[in-house]
Number of protein chains: 2
Amino acid sequence: MIKPRSRRGGGRPTIADVARKAGVGAITVSRALREPERVSEELRRQIQAAVDELGYVPDPNARALASARAEVFGVLVPSLTNNVFAEVVRGIYDSLSASPFRIQLGNTHYSGLEEERLLQVFGSQRPAALIVAGIDQTPASRKLLESAGCPVVQVMETGPDPVDMMVGFSHFDGGRTATEHLIEAGYRRIGFIGARMDPRSQRRLAGYRAAMEAAGLFDPRLVTTTPVPSSVSLGREMLRDALAKVPTLDGVFCNNDDIALGVLFECHRASIAVPKTIGIVGFNDLDMMQVAFPSITSIRTHRYEIGRRAVAMALAAIAGNRPEQRIVDLGFELKRRESTAR
Amino acid sequence: MIKPRSRRGGGRPTIADVARKAGVGAITVSRALREPERVSEELRRQIQAAVDELGYVPDPNARALASARAEVFGVLVPSLTNNVFAEVVRGIYDSLSASPFRIQLGNTHYSGLEEERLLQVFGSQRPAALIVAGIDQTPASRKLLESAGCPVVQVMETGPDPVDMMVGFSHFDGGRTATEHLIEAGYRRIGFIGARMDPRSQRRLAGYRAAMEAAGLFDPRLVTTTPVPSSVSLGREMLRDALAKVPTLDGVFCNNDDIALGVLFECHRASIAVPKTIGIVGFNDLDMMQVAFPSITSIRTHRYEIGRRAVAMALAAIAGNRPEQRIVDLGFELKRRESTAR
DNA sequence: CGACGTCATGGTAGCGCTACCAATTGCCCA
DNA sequence: TGGGCAATTGGTAGCGCTACCATGACGTCG
């Protein structure tokens with residue numbers, strides 16, 4: 001009666017224990033758990049009873065090793081605290097909570113090198129799918145993604161040449177739409193204020209520039225950027241900088257809503273009338289934008305939906321029916337509010 | 001020359017390939033990778049060369065199965081988008097990025113049942129450590145934590161009777177301090193406004209109540225709460241509700257900074273002077289609090305540091321030297337600002 | 001100088017599970 | 001009535017790695 005099993009395993013029940021108790025083969029237990037329809041109802045019940053009684057939980061590591069495939073979604077985002085990515089991640093979590101898939105979340109800190117490192121780590125687990133933010137992977141990262149042997153979804157942006165699938169929208173169009181709105185509202189000396197100029201912000205800036213040039217209004221001195229991470233306090237400082245350069249500034253398109261909020265507060269503080277003297281447009285449309293006083297015009301992006309859609313596409317691909325539309329553009333929406341209503 | 005290995009493995013190099021190429025035993029490769037000091041320098045070099053040439057990456061699943069221990073930290077938080085938890089998680093990620101440990105992040109949605117389910121899932125992986133938010137686990141969850149067989153750190157709060165270790169601060173004291181500050185500043189009809197009344201919010205409310213009662217100012221009508229998730233727009237609505245109940249309200253202690261910001265905006269909109277007519281105190285001290293106009297008094301909490309400290313303690317326990325101080329109180333700080341300076 | 005550690009290395013036997021290939025049964029159709 | 005086929009179940013052989021024990025080759029010390 002010496003149980004040799006006691007050596008390493010923490011004594012937790014294994015599939016063999018369940019099989020013994022249910023009076024069936026181990027493989028049948030395995031099947032009953034993964035493909036119940038292939039096991040007769042009678043055995044299924046016996047096995048379930050044994051599972052419940054023993055409190056058996058399959059070991060995901062053994063499972064992954066034996067099947068050469070882990071039930072894990074690898075997710076790579078550049079920031080965990082930026083509300084935008086937090087929402088995408090939330091969408092991913094919510095879509096996956098009812099599935100057997102676990103989530104492996106990586107934070108690249110906006111670094112291509114860190115992204116490569118994490119892709120290496122994640123890849124070594126043979127994940128079921130990979131979801132990565134952005135479309136500007138380094139060549140090495142791209143190669144890792146292509147050879148991952150699983151569905152890959154690039155999120156947040158759309159663009160040509162996906163590794164596999166894409167869900168997002170055009171940041172260029174977003175920037176252009178925001179700027180055109182300011183122009184139409186009658187603003188002329190419209191500045192761009194942007195922090196942490198990642199590739200998406202660069203494209204928003206390009207959209208801004210296109211709109212300004214089309215209207216014959218572009219002036220490089222209107223553009224104020226910094227590589228520093230974005231924050232509300234930074235928005236305040238940057239408006240000051242922008243006004244120091246161009247005192248006649250009468251509008252700003254902000255990189256994101258944190259910056260926009262900082263700009264609004266600085267306007268209050270400096271008694272600059274919004275929208276009369278300066279018009280403000282943000283980006284992403286956080287909840288607080290419509291509550292602010294005055295409420296702030298912003299480009300609403302569908303972040304949560306991006307996360308959900310990415311999972312749906314990956315799941316479909318795993319199930320064998322890859323979506324026909326490999327690039328999904330979820331668009332955005334201009335929310336006109338008081339901050340540009342002059 | 002038939003490689004039987006081609007059957008399931010994706011053809012990736014294994015430890016046996018490395019061993020063959022380096023002309024040593026597989027176990028020596030394993031050791032060279034995990035405990036380099038136990039292998040002679042010469043072999044170490046040969047092995048490293050073989051690893052580099054083959055592009056060998058250890059399979060974490062096989063490793064976990066063989067050693068009955070996964071290099072994974074399980075982390076459970078109630079929300080991914082709430083900045084407070086995002087910061088804690090960021091601290092955890094930053095502290096672990098240089099280590100071999102991966103992170104398994106779970107979102108409980110403030111649900112005890114979901115926490116149990118996730119604990120079950122996480123436990124089945126035999127994680128190296130578990131970090132969970134809060135101290136109010138269900139009895140079932142507590143049992144799971146106690147039998148996890150790894151270090152456990154409860155974060156965000158301190159309290160008696162830790163499962164294993166704790167890092168946080170007293171929300172009761174925070175609530176009391178905030179309220180006492182308002183009282184000292186001369187406010188009398190001080191309301192409490194709180195959304196999503198999770199256990200931590202309940203304790204802040206208890207602190208508020210203690211302070212108000214001690215000053216002989218407590219009145220149940222001053223308390224406005226809702227189970228709805230917190231948001232800036234909710235803060236606005238709740239101030240309206242509170243004023244409808246108690247028109248003479250002259251101060252509010254808000255559950256958190258989002259609510260406080262909503263309250264501030266509503267004051268602007270309704271032309272209520274802050275801090276003159278109403279004083280406002282928030283909780284957590286988000287970056288925007290000091291930028292707001294007027295700037296908002298808040299209780300600064302050390303969220304990022306909580307994450308870092310939790311990891312440090314878990315890592316120490318894993319290494320065999322459990323910290324003597326099993327309960328670490330990181331405290332908080334009252335940041336006095338314009339919103340209460342009357 | 002022989003017994004006894006210590007160090008470096010290797011072999012063996014699993015960890016818990018599933019892919020792959022039987023084996024058995026019952027049923028349908030020619 | 002026999003062959004074929006689907007449905008159900010099981011055995012065997014790993015997946016890639018490490019725990020455990022064994023083996024030599026050296027010193028070291030009484």
# chains A, B, ... in the order shown; residues from 1 in each chain; ligands from 1
>>> interface_residues(of="chain A", to="chain B", cutoff="8 Å", atoms="only C-alpha atoms", output="PyMOL selection string")
chain A and resi 8-10+57-62+64-65+67-68+80-81+83+86-87+89-90+93+102-105+107+124-125+231-233+236+262+265-266+268-269+287-288+290-293
>>> interface_residues(of="chain C", to="chain A", cutoff="7 Å", atoms="only C-alpha atoms (C1' of nucleotides)", output="list in words")
DG16, DC17 and DT18 of chain C
>>> closest_residue(among="A:Ile280, A:Leu239, A:Val29, A:Ile183", to="chain D", atoms="only C-alpha atoms (C1' of nucleotides)")
A:Val29
>>> select_by_dssp(residues="segment 45-187 of chain A", states="strand (DSSP E or B)", output="list in words")
Val72, Phe73, Gly74, Val75, Leu76, Val77, Arg102, Ile103, Gln104, Leu105, Gly106, Asn107, Ala129, Leu130, Ile131, Val132, Ala133, Val152, Val153, Gln154, Val155, Met156, Glu157, Met165, Met166, Val167, Gly168 and Phe169 of chain A
>>> write_last_selection(atoms="N, CA and C atoms", output="mmCIF file, in the first residue's frame")
data_model
loop_
_atom_site.group_PDB
_atom_site.id
_atom_site.type_symbol
_atom_site.label_atom_id
_atom_site.label_comp_id
_atom_site.auth_asym_id
_atom_site.auth_seq_id
_atom_site.Cartn_x
_atom_site.Cartn_y
_atom_site.Cartn_z
ATOM 1 N N VAL A 72 -4.052 29.623 -22.620
ATOM 2 C CA VAL A 72 -3.655 30.947 -22.167
ATOM 3 C C VAL A 72 -3.725 31.939 -23.322
ATOM 4 N N PHE A 73 -4.285 33.096 -23.043
ATOM 5 C CA PHE A 73 -4.216 34.211 -23.984
ATOM 6 C C PHE A 73 -3.083 35.121 -23.500
ATOM 7 N N GLY A 74 -2.136 35.382 -24.358
ATOM 8 C CA GLY A 74 -1.106 36.355 -24.022
ATOM 9 C C GLY A 74 -1.565 37.729 -24.450
ATOM 10 N N VAL A 75 -1.498 38.692 -23.543
ATOM 11 C CA VAL A 75 -1.937 40.053 -23.861
ATOM 12 C C VAL A 75 -0.818 41.027 -23.533
ATOM 13 N N LEU A 76 -0.474 41.860 -24.512
ATOM 14 C CA LEU A 76 0.623 42.809 -24.322
ATOM 15 C C LEU A 76 0.131 44.236 -24.516
ATOM 16 N N VAL A 77 0.247 45.034 -23.460
ATOM 17 C CA VAL A 77 -0.142 46.444 -23.568
ATOM 18 C C VAL A 77 1.010 47.312 -23.073
ATOM 19 N N ARG A 102 -6.999 31.194 -19.524
ATOM 20 C CA ARG A 102 -6.404 32.131 -18.573
ATOM 21 C C ARG A 102 -5.789 33.273 -19.372
ATOM 22 N N ILE A 103 -5.409 34.336 -18.668
ATOM 23 C CA ILE A 103 -4.823 35.473 -19.360
ATOM 24 C C ILE A 103 -3.456 35.771 -18.776
ATOM 25 N N GLN A 104 -2.527 35.959 -19.692
ATOM 26 C CA GLN A 104 -1.173 36.319 -19.281
ATOM 27 C C GLN A 104 -0.967 37.742 -19.762
ATOM 28 N N LEU A 105 -0.938 38.682 -18.810
ATOM 29 C CA LEU A 105 -0.887 40.091 -19.195
ATOM 30 C C LEU A 105 0.527 40.626 -19.056
ATOM 31 N N GLY A 106 1.021 41.262 -20.102
ATOM 32 C CA GLY A 106 2.373 41.835 -20.048
ATOM 33 C C GLY A 106 2.340 43.333 -20.235
ATOM 34 N N ASN A 107 3.238 44.028 -19.564
ATOM 35 C CA ASN A 107 3.325 45.481 -19.636
ATOM 36 C C ASN A 107 4.632 45.849 -20.341
ATOM 37 N N ALA A 129 -3.589 32.103 -28.017
ATOM 38 C CA ALA A 129 -3.715 33.289 -28.867
ATOM 39 C C ALA A 129 -2.882 34.418 -28.259
ATOM 40 N N LEU A 130 -2.546 35.379 -29.092
ATOM 41 C CA LEU A 130 -1.810 36.541 -28.616
ATOM 42 C C LEU A 130 -2.542 37.806 -29.046
ATOM 43 N N ILE A 131 -2.685 38.736 -28.106
ATOM 44 C CA ILE A 131 -3.280 40.028 -28.423
ATOM 45 C C ILE A 131 -2.252 41.094 -28.063
ATOM 46 N N VAL A 132 -1.886 41.901 -29.028
ATOM 47 C CA VAL A 132 -0.868 42.920 -28.768
ATOM 48 C C VAL A 132 -1.390 44.287 -29.175
ATOM 49 N N ALA A 133 -0.996 45.295 -28.405
ATOM 50 C CA ALA A 133 -1.429 46.655 -28.711
ATOM 51 C C ALA A 133 -0.514 47.260 -29.757
ATOM 52 N N VAL A 152 -3.189 35.724 -33.826
ATOM 53 C CA VAL A 152 -2.621 36.959 -33.296
ATOM 54 C C VAL A 152 -3.558 38.100 -33.659
ATOM 55 N N VAL A 153 -3.887 38.927 -32.670
ATOM 56 C CA VAL A 153 -4.719 40.096 -32.956
ATOM 57 C C VAL A 153 -3.979 41.346 -32.517
ATOM 58 N N GLN A 154 -3.796 42.260 -33.467
ATOM 59 C CA GLN A 154 -3.211 43.560 -33.118
ATOM 60 C C GLN A 154 -4.370 44.505 -32.846
ATOM 61 N N VAL A 155 -4.330 45.181 -31.718
ATOM 62 C CA VAL A 155 -5.466 46.024 -31.362
ATOM 63 C C VAL A 155 -5.100 47.495 -31.209
ATOM 64 N N MET A 156 -6.119 48.331 -31.174
ATOM 65 C CA MET A 156 -6.053 49.793 -31.011
ATOM 66 C C MET A 156 -5.982 50.542 -32.331
ATOM 67 N N GLU A 157 -5.322 49.963 -33.304
ATOM 68 C CA GLU A 157 -5.164 50.666 -34.562
ATOM 69 C C GLU A 157 -5.481 49.739 -35.707
ATOM 70 N N MET A 165 -4.632 39.296 -37.535
ATOM 71 C CA MET A 165 -5.903 40.028 -37.494
ATOM 72 C C MET A 165 -5.687 41.371 -36.793
ATOM 73 N N MET A 166 -6.645 42.252 -36.976
ATOM 74 C CA MET A 166 -6.540 43.600 -36.404
ATOM 75 C C MET A 166 -7.906 44.106 -35.984
ATOM 76 N N VAL A 167 -7.947 44.828 -34.866
ATOM 77 C CA VAL A 167 -9.165 45.537 -34.455
ATOM 78 C C VAL A 167 -8.759 46.902 -33.939
ATOM 79 N N GLY A 168 -9.354 47.934 -34.455
ATOM 80 C CA GLY A 168 -9.012 49.260 -33.954
ATOM 81 C C GLY A 168 -9.692 50.341 -34.773
ATOM 82 N N PHE A 169 -8.989 51.427 -34.935
ATOM 83 C CA PHE A 169 -9.541 52.522 -35.728
ATOM 84 C C PHE A 169 -8.357 53.367 -36.190
#
>>> residues_around(residues="Thr138 of chain A", least_positions_apart="3", cutoff="8 Å", atoms="only C-alpha atoms (C1' of nucleotides)", output="list in words")
Gly112, Glu116, Ser141 and Arg142 of chain A
>>> write_last_selection(atoms="C-alpha atoms", output="mmCIF file, in the first residue's frame")
data_model
loop_
_atom_site.group_PDB
_atom_site.id
_atom_site.type_symbol
_atom_site.label_atom_id
_atom_site.label_comp_id
_atom_site.auth_asym_id
_atom_site.auth_seq_id
_atom_site.Cartn_x
_atom_site.Cartn_y
_atom_site.Cartn_z
ATOM 1 C CA GLY A 112 9.954 47.715 -28.255
ATOM 2 C CA GLU A 116 10.357 41.446 -27.675
ATOM 3 C CA SER A 141 8.728 41.069 -32.552
ATOM 4 C CA ARG A 142 6.947 40.619 -35.834
#
>>> atom_distance(atom1="atom CA of Ala195 of chain A", atom2="atom CA of Thr225 of chain A")
5.6 Å
>>> closest_atom_pairs(of="chain D", to="chain B", cutoff="10 Å", atoms="only C-alpha atoms (C1' of nucleotides)", output="CSV")
residue,atom,partner,partner_atom,distance
D:DG14,C1',B:Arg5,CA,9.2
D:DC15,C1',B:Gly9,CA,7.3
D:DG16,C1',B:Ala62,CA,5.1
D:DC17,C1',B:Arg63,CA,5.0
D:DT18,C1',B:Ala66,CA,5.2
D:DA19,C1',B:Ser67,CA,7.5
>>> decode(residues="segment 3-23 of chain C", atoms="N, CA, C and O atoms (P, O5', C5', C4', C3', O3' and C1' of nucleotides)", output="mmCIF file, in the first residue's frame")
data_model
loop_
_atom_site.group_PDB
_atom_site.id
_atom_site.type_symbol
_atom_site.label_atom_id
_atom_site.label_comp_id
_atom_site.auth_asym_id
_atom_site.auth_seq_id
_atom_site.Cartn_x
_atom_site.Cartn_y
_atom_site.Cartn_z
ATOM 1 P P DA C 3 39.004 1.228 4.571
ATOM 2 O "O5'" DA C 3 38.045 2.235 5.350
ATOM 3 C "C5'" DA C 3 38.303 2.549 6.718
ATOM 4 C "C4'" DA C 3 37.788 3.941 7.011
ATOM 5 C "C3'" DA C 3 36.386 4.211 6.459
ATOM 6 O "O3'" DA C 3 35.605 4.859 7.462
ATOM 7 C "C1'" DA C 3 37.892 5.853 5.662
ATOM 8 P P DC C 4 34.111 5.160 7.244
ATOM 9 O "O5'" DC C 4 34.150 6.681 6.829
ATOM 10 C "C5'" DC C 4 35.001 7.594 7.528
ATOM 11 C "C4'" DC C 4 34.899 8.945 6.858
ATOM 12 C "C3'" DC C 4 33.540 9.232 6.221
ATOM 13 O "O3'" DC C 4 33.117 10.520 6.630
ATOM 14 C "C1'" DC C 4 35.257 9.643 4.669
ATOM 15 P P DG C 5 31.619 10.857 6.601
ATOM 16 O "O5'" DG C 5 31.540 11.762 5.286
ATOM 17 C "C5'" DG C 5 31.121 13.091 5.457
ATOM 18 C "C4'" DG C 5 32.211 14.024 4.962
ATOM 19 C "C3'" DG C 5 31.656 15.009 3.924
ATOM 20 O "O3'" DG C 5 31.957 16.327 4.307
ATOM 21 C "C1'" DG C 5 33.552 13.856 3.042
ATOM 22 P P DT C 6 31.003 17.535 3.792
ATOM 23 O "O5'" DT C 6 31.660 17.864 2.382
ATOM 24 C "C5'" DT C 6 33.060 18.094 2.264
ATOM 25 C "C4'" DT C 6 33.373 18.362 0.812
ATOM 26 C "C3'" DT C 6 32.218 18.999 0.035
ATOM 27 O "O3'" DT C 6 32.743 20.043 -0.760
ATOM 28 C "C1'" DT C 6 32.953 17.064 -1.072
ATOM 29 P P DC C 7 31.762 21.185 -1.336
ATOM 30 O "O5'" DC C 7 32.034 21.013 -2.899
ATOM 31 C "C5'" DC C 7 33.389 20.926 -3.373
ATOM 32 C "C4'" DC C 7 33.389 20.215 -4.694
ATOM 33 C "C3'" DC C 7 32.306 20.717 -5.660
ATOM 34 O "O3'" DC C 7 32.932 21.314 -6.783
ATOM 35 C "C1'" DC C 7 32.468 18.331 -5.635
ATOM 36 P P DA C 8 32.026 22.101 -7.825
ATOM 37 O "O5'" DA C 8 31.861 20.987 -8.951
ATOM 38 C "C5'" DA C 8 33.010 20.507 -9.618
ATOM 39 C "C4'" DA C 8 32.611 19.380 -10.530
ATOM 40 C "C3'" DA C 8 31.507 19.743 -11.537
ATOM 41 O "O3'" DA C 8 31.967 19.380 -12.831
ATOM 42 C "C1'" DA C 8 30.957 17.753 -10.362
ATOM 43 P P DT C 9 31.074 19.700 -14.089
ATOM 44 O "O5'" DT C 9 30.187 18.400 -14.207
ATOM 45 C "C5'" DT C 9 30.757 17.239 -14.806
ATOM 46 C "C4'" DT C 9 29.840 16.078 -14.613
ATOM 47 C "C3'" DT C 9 28.572 16.094 -15.444
ATOM 48 O "O3'" DT C 9 28.812 15.382 -16.648
ATOM 49 C "C1'" DT C 9 28.309 15.077 -13.289
ATOM 50 P P DG C 10 27.708 15.249 -17.749
ATOM 51 O "O5'" DG C 10 26.951 13.936 -17.266
ATOM 52 C "C5'" DG C 10 27.682 12.730 -17.068
ATOM 53 C "C4'" DG C 10 26.759 11.679 -16.483
ATOM 54 C "C3'" DG C 10 25.458 11.485 -17.263
ATOM 55 O "O3'" DG C 10 25.382 10.126 -17.662
ATOM 56 C "C1'" DG C 10 25.033 11.696 -14.937
ATOM 57 P P DG C 11 24.336 9.619 -18.683
ATOM 58 O "O5'" DG C 11 23.415 8.727 -17.733
ATOM 59 C "C5'" DG C 11 24.025 7.762 -16.882
ATOM 60 C "C4'" DG C 11 22.965 7.021 -16.090
ATOM 61 C "C3'" DG C 11 21.706 6.649 -16.876
ATOM 62 O "O3'" DG C 11 21.293 5.342 -16.449
ATOM 63 C "C1'" DG C 11 21.119 8.066 -15.063
ATOM 64 P P DT C 12 20.092 4.616 -17.110
ATOM 65 O "O5'" DT C 12 18.955 4.938 -16.046
ATOM 66 C "C5'" DT C 12 19.202 4.678 -14.668
ATOM 67 C "C4'" DT C 12 17.952 4.965 -13.851
ATOM 68 C "C3'" DT C 12 16.640 4.597 -14.536
ATOM 69 O "O3'" DT C 12 15.828 3.958 -13.562
ATOM 70 C "C1'" DT C 12 16.569 6.860 -13.891
ATOM 71 P P DA C 13 14.505 3.238 -13.943
ATOM 72 O "O5'" DA C 13 13.433 4.204 -13.255
ATOM 73 C "C5'" DA C 13 13.683 4.676 -11.928
ATOM 74 C "C4'" DA C 13 12.730 5.805 -11.630
ATOM 75 C "C3'" DA C 13 11.306 5.562 -12.121
ATOM 76 O "O3'" DA C 13 10.424 6.012 -11.112
ATOM 77 C "C1'" DA C 13 12.080 7.592 -12.968
ATOM 78 P P DG C 14 8.964 5.504 -11.081
ATOM 79 O "O5'" DG C 14 8.426 5.998 -12.516
ATOM 80 C "C5'" DG C 14 7.353 6.900 -12.591
ATOM 81 C "C4'" DG C 14 7.628 8.161 -11.788
ATOM 82 C "C3'" DG C 14 6.504 9.163 -11.990
ATOM 83 O "O3'" DG C 14 6.127 9.746 -10.775
ATOM 84 C "C1'" DG C 14 8.558 10.067 -12.811
ATOM 85 P P DC C 15 4.611 10.093 -10.549
ATOM 86 O "O5'" DC C 15 4.536 11.657 -10.832
ATOM 87 C "C5'" DC C 15 5.127 12.599 -9.963
ATOM 88 C "C4'" DC C 15 4.936 13.973 -10.545
ATOM 89 C "C3'" DC C 15 3.566 14.186 -11.167
ATOM 90 O "O3'" DC C 15 2.763 14.891 -10.222
ATOM 91 C "C1'" DC C 15 5.339 14.932 -12.649
ATOM 92 P P DG C 16 1.366 14.271 -9.759
ATOM 93 O "O5'" DG C 16 0.377 14.588 -10.958
ATOM 94 C "C5'" DG C 16 0.153 15.930 -11.331
ATOM 95 C "C4'" DG C 16 -0.445 15.953 -12.716
ATOM 96 C "C3'" DG C 16 -1.727 15.122 -12.866
ATOM 97 O "O3'" DG C 16 -2.721 15.962 -13.410
ATOM 98 C "C1'" DG C 16 -0.187 14.629 -14.592
ATOM 99 P P DC C 17 -4.142 15.497 -13.822
ATOM 100 O "O5'" DC C 17 -4.005 15.385 -15.396
ATOM 101 C "C5'" DC C 17 -3.861 16.587 -16.146
ATOM 102 C "C4'" DC C 17 -3.286 16.299 -17.506
ATOM 103 C "C3'" DC C 17 -4.238 15.600 -18.466
ATOM 104 O "O3'" DC C 17 -4.887 16.587 -19.256
ATOM 105 C "C1'" DC C 17 -1.988 14.743 -18.604
ATOM 106 P P DT C 18 -6.066 16.199 -20.203
ATOM 107 O "O5'" DT C 18 -5.304 15.737 -21.519
ATOM 108 C "C5'" DT C 18 -4.492 16.679 -22.203
ATOM 109 C "C4'" DT C 18 -3.795 16.006 -23.376
ATOM 110 C "C3'" DT C 18 -4.729 15.449 -24.444
ATOM 111 O "O3'" DT C 18 -4.090 15.648 -25.695
ATOM 112 C "C1'" DT C 18 -3.368 13.732 -23.638
ATOM 113 P P DA C 19 -4.948 15.751 -27.003
ATOM 114 O "O5'" DA C 19 -4.054 14.955 -28.045
ATOM 115 C "C5'" DA C 19 -2.744 15.420 -28.355
ATOM 116 C "C4'" DA C 19 -1.977 14.354 -29.111
ATOM 117 C "C3'" DA C 19 -2.707 13.791 -30.328
ATOM 118 O "O3'" DA C 19 -1.756 13.541 -31.349
ATOM 119 C "C1'" DA C 19 -2.318 12.050 -28.751
ATOM 120 P P DC C 20 -2.216 13.137 -32.763
ATOM 121 O "O5'" DC C 20 -2.039 11.550 -32.701
ATOM 122 C "C5'" DC C 20 -0.795 10.997 -32.264
ATOM 123 C "C4'" DC C 20 -0.938 9.505 -32.118
ATOM 124 C "C3'" DC C 20 -1.780 8.851 -33.217
ATOM 125 O "O3'" DC C 20 -0.996 7.849 -33.852
ATOM 126 C "C1'" DC C 20 -2.431 8.093 -31.066
ATOM 127 P P DC C 21 -1.576 7.145 -35.195
ATOM 128 O "O5'" DC C 21 -2.016 5.739 -34.582
ATOM 129 C "C5'" DC C 21 -1.058 5.003 -33.817
ATOM 130 C "C4'" DC C 21 -1.753 3.951 -33.006
ATOM 131 C "C3'" DC C 21 -2.604 2.971 -33.826
ATOM 132 O "O3'" DC C 21 -2.218 1.655 -33.500
ATOM 133 C "C1'" DC C 21 -3.806 3.761 -31.954
ATOM 134 P P DA C 22 -2.743 0.438 -34.408
ATOM 135 O "O5'" DA C 22 -4.264 0.454 -34.075
ATOM 136 C "C5'" DA C 22 -4.924 -0.749 -33.807
ATOM 137 C "C4'" DA C 22 -4.720 -1.190 -32.369
ATOM 138 C "C3'" DA C 22 -5.685 -2.285 -31.991
ATOM 139 O "O3'" DA C 22 -5.086 -3.211 -31.138
ATOM 140 C "C1'" DA C 22 -6.201 -0.299 -30.792
ATOM 141 P P DA C 23 -5.610 -4.683 -31.199
ATOM 142 O "O5'" DA C 23 -6.942 -4.600 -30.336
ATOM 143 C "C5'" DA C 23 -6.853 -4.328 -28.944
ATOM 144 C "C4'" DA C 23 -8.256 -4.235 -28.387
ATOM 145 C "C3'" DA C 23 -9.206 -5.321 -28.921
ATOM 146 O "O3'" DA C 23 -9.828 -5.941 -27.820
ATOM 147 C "C1'" DA C 23 -10.168 -3.161 -29.162
#
